[in-house]
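All remarks here apply to the structure that follows.
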Amino acid sequence: MFQDPTVYVIGSACVAAAACMLILWSLLKTGLAWRLAIDVPNERSLHTLPTPRVGGWGIVPVVALLSLVVAPSLWLAALLFALLAALSQIDDRRGLPVWVRFGAHIAAVAVFVAFYPASAPWWLLCGVAFLMVWLVNLYNFMDGSDGLAGGMALFGFGAYAFAALRAGPGALPLALAAALTAGAALGFLRFNFHPARIFLGDAGSIPLGFLAGALGYWGWARGVWPVWFPALVFSPFIADASVTLLRRLLRGEKFWRAHREHYYQRVVQMGCGHARTARIWYSLMALGIMTACIALSFSPVLQWLTVAAWMAILGVAGVFVDRRWTRHQSGLVES
């Protein structure tokens, strides 16, 4: 092992990026990608051409296998990650009932939390577990615009790796697992950024969402970071999906069905396009990550004030998009 853990972590990320890129390139080059799973656009899609949903085929085996090698203490996370990918691949190909999918997500989170119990009140554990289940589905909601879900993984898991490195040698397995995921996301992003040649599909988005929650929880349970840190790292996407979900629930709609009501979807439709929208979300996520990493050195009270301030900033950004969207819709009606 390298003397400097930073070199080891960065090297692991580079290996994961190269391996994922090679797998996905091979799938596209041989045409196998088109036989595994295809996303056919409909009236609710942002893309216009059929696109393979094979991102998980590059990310999942790379992250799962390499994690077992360099971070064996997180074997359960790797195992559940792979099992969810296998189940989601079936859903990509044939479709599964909603209760089967959500039941598997809840079971995976419950097993992980039970295996790695945190010293916290039961109500807090239940709240954290609920957020973990929500994160499992978050990636699936965000896998609709070029470069968005891949960038979220690159930035989010990169932040996990950085914070874990700062925490000391005891958090090295966490840093390595997060770095592998960030590296694999970079390899996927090579083919997912605009114009996207592939998307994640359920086989990629569902396990990535689980891993975002599982590593975030593991870091909190082991005292690597406070409970708010993972949520703040992924806050632009959590806020987008949560507000959209709440609105659809209040209208009595089935929230799991495809739609074009997310903030990022509206920004694309207002003329920003996929590439510019992705860069806007990258900027928001980078700013939130910097805020989270800086706040780690604050007192607990100041940490929560920082979280509240960042939530207020996201709220203002959401109101801005809502108003622009209303004017955009009014202009379409008038024309």
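Residues are referred to by chain and number: the chain letter is A, B, ... according to the order shown in the structure tokens, the number counts from 1 in that chain, and ligands are numbered separately from 1 in the order shown.
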
I need the residues in stretch 24-210 of chain A that are alpha helix (DSSP H) according to DSSP; give them as a VMD selection string.
chain A and resid 24 to 30 33 to 36 55 to 70 75 to 93 98 to 115 122 to 142 148 to 167 172 to 192 202 to 210

Can you list, as a VMD selection string, every protein, DNA or RNA residue that comes within 9 Å of A:Thr291 when you count only C-alpha atoms, leaving out same-chain residues fewer than 3 positions away?
chain A and resid 232 to 233 286 to 288 294 to 296 306 to 307 310

Could you tell me which of A:Ala239, A:Pro61, A:Ile206, A:Ala292 comes closest to A:Val227 if we count only C-alpha atoms?
A:Ala292

Using only C-alpha atoms, find each residue in stretch 49-157 of chain A having at least one atom no more than 7 Å away from stretch 170-182 of chain A; report its shortest atom-to-atom pair and that distance in Å (one decimal), rows by chain then rising number, as a tab-separated table.
```
residue	atom	partner	partner_atom	distance
A:Val63	CA	A:Thr181	CA	5.8
A:Ser67	CA	A:Ala177	CA	5.6
A:Val70	CA	A:Leu176	CA	6.9
A:Ala71	CA	A:Pro173	CA	4.7
A:Ala153	CA	A:Ala182	CA	6.0
A:Leu154	CA	A:Ala182	CA	4.4
A:Phe157	CA	A:Ala178	CA	5.0
```

Find, counting only C-alpha atoms, the residue in A:Val54, A:Leu68, A:Ala118, A:Met270 that gets nearest to A:Gly223.
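For A:Gly223, the nearest of the candidates is A:Ala118.
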
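With distances restricted to only C-alpha atoms, A:Phe234 is the closest residue to A:Gly158 from A:Trp99, A:Phe234, A:Trp304, A:Phe199.
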